[in-house]
Protein chains: 2
Amino acid sequence: MKKAIVALGGNALLRGDQLGTIEEQEQNSKTTLENVISLIKAGYNIVITHGNGPQVGNILMRNDAGEELYNIAQMPLDVCVADSQGGIGYMLERILRIVLKEHNINKEIVTLVTTVEVDINDEAFKNPTKRVGKIYNKAQADKLTADKGWVFKSDPKLPDGWRRAVPSPQPIKVMNSPVINQLLEAGNIVIAVGGGGVPVYYDENGNVRPAEAVIDKDRASAVLAAEIKADEFYILTDVSNVYINYKQPNEIKLETLTVADAKKYLAEGMFGEGSMAPKVEACLKFVENGGKKAIITEATQLSGENSGTQIIP
Amino acid sequence: MKKAIVALGGNALLRGDQLGTIEEQEQNSKTTLENVISLIKAGYNIVITHGNGPQVGNILMRNDAGEELYNIAQMPLDVCVADSQGGIGYMLERILRIVLKEHNINKEIVTLVTTVEVDINDEAFKNPTKRVGKIYNKAQADKLTADKGWVFKSDPKLPDGWRRAVPSPQPIKVMNSPVINQLLEAGNIVIAVGGGGVPVYYDENGNVRPAEAVIDKDRASAVLAAEIKADEFYILTDVSNVYINYKQPNEIKLETLTVADAKKYLAEGMFGEGSMAPKVEACLKFVENGGKKAIITEATQLSGENSGTQIIP
């Protein structure tokens, strides 16, 4: 029995042009999971991981609004990420139960709340880059910096728009990976590492503390994929393949990408910084840690002829 | 190795007289979990279940505020319950890791997002009784009834206070109980069935649908306890024992309570309707389904001489 990890992008659940209602999220999930079924039919045991960008963004906004309107204590970022794991994980599990039934597949689904270890001395903590939550004006942002120590970055699209910036440290270890592996090898479908996992670190006394950060979900999924010795690692996104010279006259669609070429193209800045580059890096990490094949593609390509872009040793 | 389920009451995490900050919740959890350690030291494999009353109440309020201030789509009740499982489960897992380390106990902790099956024809759906979320005035309540079909009940403490009332159906089955049992027997500590589980039902086509309801966490825990054939079932609450004629001159503290006596006292209305009665009923259900012993007590009593009130066949 082969093992695969399938990382669902945010757009697999909620697209930017949508309102974010539960009906939209359910419909998007169903379409995505219908495609993931082909891997199960092909004999893979799978772990599904997922992003949480739009959802945790909404949770953070609601936190702000709840304090503003009703004076309800705001929860810190780690608890908001954990909340989003619960809500998204539950929804994926429920929809997947429906899809499995349609295909007469008898498998149990187990959804885990997952923490992921980071290093509190990671350079990322000195330079928060990931924008989350509400857009504030300068005065509001300054007050929040004074009150809560939040770091703000201006939003380049707005004249007086400031958003909280949080660090995006490297994932070191998925806390429950041995258990995830046992559940997987027993034939269960596992949903885990939602939103890249809740980031935690060990303090000087060896106690687990929360890190106010977000982890890239593809990077965290790659770490898990290596830890459980997955055969294949899929990153599902909104394009069928990785391209070089993307959207230029000399654009080339890649069918395969070797580790050496991937490193060269990354160094040349060939892939989008906040979009394709971290996905290619995550795949590299997996393949360099012993993985046989990583695939970047659209969900709809899983059951088709095209097999996306394969990153191989 | 004996198996026990420990159901933590809402006050084990967040007390009514507190603001609900994360620091308070962490401190309360730590105190409670310090006591639960005695069961692990006594050789039990344990499942920890927990309430979510104050937390899901806050999540519902934030949902309302997020729509009001920022026009963010509200999530339905099932997703809010799942969110609370993520946030609370994560927090309990993290604090328990710290407590285990203090006691040099080397065990893995696994936190599951849990759905629980209910019957959509349960009589409870015709008579919603459980008040959740924000207090509205009559005009607001009427509008929400028209817009979303919500049912409202007046708040007896307020002249024009209306709260959404949701059904509290009986739990039938914990969807993941075989997996919970495997994880438990493998020596892991499992955190599950948060807030009584996310209520779902099978529609006429056998598909899993969300139920807009909340399940009593003690009842759901009792169902799980019977399903995994737990030896003991603990309900931790804010009193050391069950009493008859509670707070009256002829009050009697119960050390043991047989099934027959429990039924008699319940019929006599001897236990508080929204408080002790459902706990005694949950214990009865467990013992009648083959459980050896159910215990209602305070967390602090677990490591002491007093062993609370034991409900036995």
# chains A, B, ... in the order shown; residues from 1 in each chain; ligands from 1
>>> closest_atom_pairs(of="chain B", to="chain A", cutoff="7 Å", atoms="only C-alpha atoms", output="CSV")
residue,atom,partner,partner_atom,distance
B:Leu19,CA,A:Ala73,CA,6.9
B:Gly20,CA,A:Ala73,CA,6.2
B:Thr21,CA,A:Ala73,CA,5.5
B:Ile22,CA,A:Met75,CA,6.3
B:Asn58,CA,A:Ile72,CA,6.9
B:Met61,CA,A:Gly66,CA,6.5
B:Arg62,CA,A:Gly66,CA,4.4
B:Asn63,CA,A:Arg62,CA,6.0
B:Ala65,CA,A:Ala65,CA,5.2
B:Gly66,CA,A:Arg62,CA,4.4
B:Leu69,CA,A:Ala65,CA,6.4
B:Ile72,CA,A:Asn58,CA,6.9
B:Ala73,CA,A:Thr21,CA,5.5
B:Met75,CA,A:Ile22,CA,6.3
B:Val79,CA,A:Gly87,CA,5.0
B:Cys80,CA,A:Gly87,CA,6.8
B:Ala82,CA,A:Gly87,CA,4.7
B:Asp83,CA,A:Asp83,CA,4.1
B:Ser84,CA,A:Asp83,CA,5.9
B:Gln85,CA,A:Gly86,CA,5.9
B:Gly86,CA,A:Gly86,CA,4.1
B:Gly87,CA,A:Asp83,CA,4.5
B:Tyr90,CA,A:Ala82,CA,6.3
B:Arg94,CA,A:Val208,CA,6.4
B:Arg97,CA,A:Val208,CA,6.9
B:Ile98,CA,A:Asn207,CA,5.4
B:Thr111,CA,A:Val113,CA,5.4
B:Leu112,CA,A:Leu112,CA,4.6
B:Val113,CA,A:Thr111,CA,5.4
B:Asn207,CA,A:Ile98,CA,5.4
B:Val208,CA,A:Ile98,CA,6.3
>>> residues_around(residues="Glu24 in chain A", least_positions_apart="4", cutoff="9 Å", atoms="only C-alpha atoms", output="JSON, numbers by chain")
{"A": [13, 14, 15, 18, 19, 20, 28, 29]}
>>> residues_around(residues="Gly291 in chain A", least_positions_apart="6", cutoff="8 Å", atoms="only C-alpha atoms", output="list in words")
Ala225, Ala226, Lys229, Ala230, Asp231, Glu232 and Phe233 of chain A
>>> write_last_selection(atoms="all heavy atoms", output="PDB file, in the first residue's frame")
ATOM      1  N   ALA A 225       5.325  14.711   5.207  1.00  0.00           N
ATOM      2  CA  ALA A 225       5.510  13.708   4.147  1.00  0.00           C
ATOM      3  C   ALA A 225       6.831  12.972   4.326  1.00  0.00           C
ATOM      4  O   ALA A 225       6.904  11.743   4.175  1.00  0.00           O
ATOM      5  CB  ALA A 225       5.448  14.376   2.774  1.00  0.00           C
ATOM      6  N   ALA A 226       7.888  13.719   4.676  1.00  0.00           N
ATOM      7  CA  ALA A 226       9.188  13.078   4.893  1.00  0.00           C
ATOM      8  C   ALA A 226       9.159  12.226   6.164  1.00  0.00           C
ATOM      9  O   ALA A 226       9.675  11.107   6.182  1.00  0.00           O
ATOM     10  CB  ALA A 226      10.283  14.138   4.971  1.00  0.00           C
ATOM     11  N   LYS A 229       7.484   9.015   5.686  1.00  0.00           N
ATOM     12  CA  LYS A 229       8.028   8.331   4.514  1.00  0.00           C
ATOM     13  C   LYS A 229       6.957   8.086   3.449  1.00  0.00           C
ATOM     14  O   LYS A 229       6.764   6.949   2.992  1.00  0.00           O
ATOM     15  CB  LYS A 229       8.713   7.020   4.904  1.00  0.00           C
ATOM     16  CG  LYS A 229       9.878   7.237   5.889  1.00  0.00           C
ATOM     17  CD  LYS A 229      10.730   5.992   6.000  1.00  0.00           C
ATOM     18  CE  LYS A 229      11.680   6.053   7.190  1.00  0.00           C
ATOM     19  NZ  LYS A 229      12.390   7.341   7.356  1.00  0.00           N
ATOM     20  N   ALA A 230       6.260   9.175   3.102  1.00  0.00           N
ATOM     21  CA  ALA A 230       5.248   9.072   2.049  1.00  0.00           C
ATOM     22  C   ALA A 230       5.932   8.764   0.728  1.00  0.00           C
ATOM     23  O   ALA A 230       7.078   9.173   0.495  1.00  0.00           O
ATOM     24  CB  ALA A 230       4.478  10.392   1.949  1.00  0.00           C
ATOM     25  N   ASP A 231       5.241   8.023  -0.142  1.00  0.00           N
ATOM     26  CA  ASP A 231       5.796   7.757  -1.467  1.00  0.00           C
ATOM     27  C   ASP A 231       5.658   8.979  -2.356  1.00  0.00           C
ATOM     28  O   ASP A 231       6.547   9.301  -3.129  1.00  0.00           O
ATOM     29  CB  ASP A 231       5.056   6.571  -2.105  1.00  0.00           C
ATOM     30  CG  ASP A 231       5.261   5.303  -1.309  1.00  0.00           C
ATOM     31  OD1 ASP A 231       6.334   4.706  -1.466  1.00  0.00           O
ATOM     32  OD2 ASP A 231       4.384   4.955  -0.503  1.00  0.00           O
ATOM     33  N   GLU A 232       4.511   9.637  -2.252  1.00  0.00           N
ATOM     34  CA  GLU A 232       4.272  10.798  -3.102  1.00  0.00           C
ATOM     35  C   GLU A 232       3.674  11.938  -2.301  1.00  0.00           C
ATOM     36  O   GLU A 232       2.985  11.730  -1.309  1.00  0.00           O
ATOM     37  CB  GLU A 232       3.336  10.407  -4.266  1.00  0.00           C
ATOM     38  CG  GLU A 232       4.012   9.384  -5.174  1.00  0.00           C
ATOM     39  CD  GLU A 232       3.112   8.886  -6.301  1.00  0.00           C
ATOM     40  OE1 GLU A 232       2.048   9.499  -6.537  1.00  0.00           O
ATOM     41  OE2 GLU A 232       3.479   7.873  -6.923  1.00  0.00           O
ATOM     42  N   PHE A 233       3.947  13.150  -2.783  1.00  0.00           N
ATOM     43  CA  PHE A 233       3.480  14.357  -2.102  1.00  0.00           C
ATOM     44  C   PHE A 233       2.830  15.250  -3.142  1.00  0.00           C
ATOM     45  O   PHE A 233       3.497  15.688  -4.089  1.00  0.00           O
ATOM     46  CB  PHE A 233       4.682  15.043  -1.431  1.00  0.00           C
ATOM     47  CG  PHE A 233       4.415  16.412  -0.863  1.00  0.00           C
ATOM     48  CD1 PHE A 233       3.215  16.714  -0.218  1.00  0.00           C
ATOM     49  CD2 PHE A 233       5.378  17.414  -0.956  1.00  0.00           C
ATOM     50  CE1 PHE A 233       2.981  17.976   0.316  1.00  0.00           C
ATOM     51  CE2 PHE A 233       5.154  18.677  -0.425  1.00  0.00           C
ATOM     52  CZ  PHE A 233       3.955  18.958   0.204  1.00  0.00           C
TER      53      PHE A 233
END
>>> residues_around(residues="Pro156 in chain B", least_positions_apart="5", cutoff="12 Å", atoms="only C-alpha atoms", output="PyMOL selection string")
chain B and resi 131+135+161-163
>>> residues_around(residues="Lys285 in chain A", least_positions_apart="5", cutoff="12 Å", atoms="only C-alpha atoms", output="list in words")
Gln170, Pro171, Ile172, Asp218, Arg219, Ala220, Ser221, Ala222, Val223, Leu224, Ala225, Ala226, Glu227, Phe233, Val259, Ala262, Lys263, Pro278, Lys279, Val280, Gly290, Gly291, Lys292, Lys293, Ala294, Ile311, Ile312 and Pro313 of chain A
>>> write_last_selection(atoms="N, CA, C and O atoms", output="short mmCIF file (atom, residue, chain, number, x, y, z; two decimals), in the first residue's frame")
data_model
loop_
_atom_site.label_atom_id
_atom_site.label_comp_id
_atom_site.auth_asym_id
_atom_site.auth_seq_id
_atom_site.Cartn_x
_atom_site.Cartn_y
_atom_site.Cartn_z
N GLN A 170 10.13 28.30 9.73
CA GLN A 170 10.22 26.96 9.15
C GLN A 170 9.65 25.92 10.11
O GLN A 170 9.96 25.96 11.30
N PRO A 171 8.86 24.99 9.61
CA PRO A 171 8.42 23.88 10.46
C PRO A 171 9.57 22.92 10.71
O PRO A 171 10.36 22.65 9.81
N ILE A 172 9.70 22.44 11.95
CA ILE A 172 10.77 21.49 12.28
C ILE A 172 10.21 20.07 12.37
O ILE A 172 10.77 19.14 11.82
N ASP A 218 2.34 24.24 2.85
CA ASP A 218 3.06 23.31 1.98
C ASP A 218 4.37 22.86 2.63
O ASP A 218 4.75 21.70 2.54
N ARG A 219 5.03 23.80 3.30
CA ARG A 219 6.26 23.44 4.00
C ARG A 219 5.98 22.43 5.11
O ARG A 219 6.70 21.44 5.27
N ALA A 220 4.93 22.69 5.91
CA ALA A 220 4.60 21.78 7.01
C ALA A 220 4.20 20.41 6.45
O ALA A 220 4.57 19.37 7.01
N SER A 221 3.47 20.42 5.33
CA SER A 221 3.05 19.15 4.73
C SER A 221 4.26 18.37 4.23
O SER A 221 4.30 17.13 4.32
N ALA A 222 5.25 19.09 3.69
CA ALA A 222 6.47 18.43 3.21
C ALA A 222 7.22 17.78 4.36
O ALA A 222 7.77 16.68 4.23
N VAL A 223 7.26 18.46 5.50
CA VAL A 223 7.92 17.88 6.69
C VAL A 223 7.20 16.60 7.10
O VAL A 223 7.82 15.56 7.33
N LEU A 224 5.87 16.66 7.15
CA LEU A 224 5.10 15.46 7.51
C LEU A 224 5.34 14.35 6.49
O LEU A 224 5.53 13.18 6.86
N ALA A 225 5.32 14.71 5.21
CA ALA A 225 5.51 13.71 4.15
C ALA A 225 6.83 12.97 4.33
O ALA A 225 6.90 11.74 4.17
N ALA A 226 7.89 13.72 4.68
CA ALA A 226 9.19 13.08 4.89
C ALA A 226 9.16 12.23 6.16
O ALA A 226 9.67 11.11 6.18
N GLU A 227 8.53 12.74 7.22
CA GLU A 227 8.50 12.02 8.51
C GLU A 227 7.79 10.67 8.40
O GLU A 227 8.19 9.70 9.03
N PHE A 233 3.95 13.15 -2.78
CA PHE A 233 3.48 14.36 -2.10
C PHE A 233 2.83 15.25 -3.14
O PHE A 233 3.50 15.69 -4.09
N VAL A 259 15.65 18.02 -9.12
CA VAL A 259 16.11 18.83 -7.99
C VAL A 259 17.10 19.89 -8.46
O VAL A 259 17.00 21.06 -8.07
N ALA A 262 15.27 22.60 -10.38
CA ALA A 262 14.41 23.37 -9.47
C ALA A 262 15.24 24.40 -8.71
O ALA A 262 14.87 25.57 -8.58
N LYS A 263 16.42 23.97 -8.24
CA LYS A 263 17.29 24.89 -7.50
C LYS A 263 17.77 26.04 -8.39
O LYS A 263 17.84 27.19 -7.97
N PRO A 278 7.39 28.93 -2.85
CA PRO A 278 7.34 28.08 -1.64
C PRO A 278 6.83 26.67 -1.92
O PRO A 278 7.24 25.72 -1.24
N LYS A 279 5.99 26.52 -2.96
CA LYS A 279 5.51 25.17 -3.30
C LYS A 279 6.65 24.32 -3.87
O LYS A 279 6.82 23.15 -3.50
N VAL A 280 7.42 24.94 -4.77
CA VAL A 280 8.56 24.21 -5.34
C VAL A 280 9.58 23.88 -4.24
O VAL A 280 10.12 22.77 -4.17
N GLY A 290 14.26 12.10 0.82
CA GLY A 290 14.00 10.69 0.51
C GLY A 290 12.71 10.41 -0.23
O GLY A 290 12.43 9.26 -0.57
N GLY A 291 11.90 11.45 -0.45
CA GLY A 291 10.65 11.23 -1.19
C GLY A 291 10.93 10.90 -2.65
O GLY A 291 11.91 11.37 -3.23
N LYS A 292 10.08 10.07 -3.24
CA LYS A 292 10.32 9.64 -4.62
C LYS A 292 9.84 10.67 -5.63
O LYS A 292 10.45 10.87 -6.67
N LYS A 293 8.67 11.29 -5.33
CA LYS A 293 8.06 12.14 -6.34
C LYS A 293 7.14 13.14 -5.67
O LYS A 293 6.30 12.76 -4.86
N ALA A 294 7.27 14.40 -6.03
CA ALA A 294 6.31 15.40 -5.57
C ALA A 294 5.61 15.96 -6.80
O ALA A 294 6.24 16.08 -7.87
N ILE A 311 8.20 16.73 -9.52
CA ILE A 311 9.54 17.08 -9.04
C ILE A 311 10.20 15.78 -8.57
O ILE A 311 9.67 15.10 -7.68
N ILE A 312 11.31 15.45 -9.19
CA ILE A 312 11.95 14.15 -8.94
C ILE A 312 13.43 14.35 -8.61
O ILE A 312 14.00 15.40 -8.92
N PRO A 313 14.03 13.33 -7.96
CA PRO A 313 15.45 13.46 -7.57
C PRO A 313 16.34 13.57 -8.80
O PRO A 313 16.89 14.54 -9.13
#
>>> select_by_dssp(residues="range 45-277 of chain B", states="alpha helix (DSSP H)", output="PyMOL selection string")
chain B and resi 53-70+77-102+138-148+177-185+217-227+259-267+276-277
>>> write_last_selection(atoms="C-alpha atoms", output="tab-separated table (two decimals), in the first residue's frame")
chain	number	residue	atom	x	y	z
B	53	GLY	CA	-20.34	26.36	26.67
B	54	PRO	CA	-18.54	29.66	27.32
B	55	GLN	CA	-16.21	29.25	24.33
B	56	VAL	CA	-18.84	28.47	21.69
B	57	GLY	CA	-20.97	31.24	23.20
B	58	ASN	CA	-18.10	33.63	22.51
B	59	ILE	CA	-17.59	32.23	19.00
B	60	LEU	CA	-21.28	32.79	18.20
B	61	MET	CA	-21.09	36.34	19.52
B	62	ARG	CA	-18.00	37.01	17.40
B	63	ASN	CA	-19.83	35.60	14.37
B	64	ASP	CA	-22.62	38.08	14.97
B	65	ALA	CA	-20.19	40.95	15.48
B	66	GLY	CA	-18.16	40.04	12.38
B	67	GLU	CA	-21.26	40.20	10.20
B	68	GLU	CA	-22.44	43.41	11.85
B	69	LEU	CA	-19.13	45.29	11.60
B	70	TYR	CA	-17.44	43.75	8.57
B	77	LEU	CA	-23.63	26.31	14.58
B	78	ASP	CA	-21.99	22.99	13.59
B	79	VAL	CA	-18.91	24.79	12.26
B	80	CYS	CA	-18.77	26.96	15.41
B	81	VAL	CA	-18.82	23.82	17.59
B	82	ALA	CA	-16.03	22.34	15.43
B	83	ASP	CA	-14.03	25.58	15.76
B	84	SER	CA	-14.35	25.33	19.55
B	85	GLN	CA	-13.12	21.71	19.47
B	86	GLY	CA	-10.02	22.90	17.64
B	87	GLY	CA	-9.23	25.79	19.98
B	88	ILE	CA	-10.02	24.08	23.29
B	89	GLY	CA	-8.56	20.73	22.24
B	90	TYR	CA	-5.30	22.38	21.18
B	91	MET	CA	-5.08	24.30	24.45
B	92	LEU	CA	-5.72	21.19	26.56
B	93	GLU	CA	-3.18	19.19	24.56
B	94	ARG	CA	-0.49	21.86	24.92
B	95	ILE	CA	-1.02	22.32	28.66
B	96	LEU	CA	-1.20	18.57	29.20
B	97	ARG	CA	2.18	18.21	27.45
B	98	ILE	CA	3.61	20.62	30.05
B	99	VAL	CA	1.96	18.77	32.96
B	100	LEU	CA	3.11	15.35	31.71
B	101	LYS	CA	6.65	16.63	31.48
B	102	GLU	CA	6.53	17.93	35.09
B	138	LYS	CA	-37.66	41.27	20.41
B	139	ALA	CA	-37.30	43.17	17.12
B	140	GLN	CA	-33.86	41.70	16.41
B	141	ALA	CA	-35.05	38.21	17.36
B	142	ASP	CA	-38.07	38.48	15.07
B	143	LYS	CA	-35.85	39.56	12.18
B	144	LEU	CA	-33.48	36.61	12.72
B	145	THR	CA	-36.43	34.24	12.90
B	146	ALA	CA	-37.65	35.61	9.55
B	147	ASP	CA	-34.14	35.63	7.96
B	148	LYS	CA	-32.65	32.40	9.28
B	177	SER	CA	-15.09	5.52	18.47
B	178	PRO	CA	-13.24	2.47	17.04
B	179	VAL	CA	-10.28	4.72	16.19
B	180	ILE	CA	-10.43	6.39	19.60
B	181	ASN	CA	-10.32	2.94	21.17
B	182	GLN	CA	-7.31	1.89	19.07
B	183	LEU	CA	-5.43	5.07	19.97
B	184	LEU	CA	-6.26	4.57	23.64
B	185	GLU	CA	-5.24	0.92	23.73
B	217	LYS	CA	-21.19	16.66	26.61
B	218	ASP	CA	-21.80	14.26	29.50
B	219	ARG	CA	-24.34	12.28	27.48
B	220	ALA	CA	-21.99	12.08	24.48
B	221	SER	CA	-19.11	11.07	26.76
B	222	ALA	CA	-21.29	8.31	28.28
B	223	VAL	CA	-22.04	6.95	24.79
B	224	LEU	CA	-18.32	6.92	23.97
B	225	ALA	CA	-17.51	5.31	27.34
B	226	ALA	CA	-19.91	2.47	26.59
B	227	GLU	CA	-18.70	2.11	22.97
B	259	VAL	CA	-28.93	2.43	39.46
B	260	ALA	CA	-32.21	1.78	41.24
B	261	ASP	CA	-31.74	4.67	43.68
B	262	ALA	CA	-30.55	7.00	40.94
B	263	LYS	CA	-33.71	6.34	38.94
B	264	LYS	CA	-35.88	6.89	42.01
B	265	TYR	CA	-34.20	10.21	42.87
B	266	LEU	CA	-34.35	11.38	39.24
B	267	ALA	CA	-38.08	10.61	39.14
B	276	MET	CA	-26.85	17.49	38.16
B	277	ALA	CA	-29.75	15.56	36.58
>>> atom_distance(atom1="CA of Asn241 in chain A", atom2="CA of Ser168 in chain A")
25.4 Å
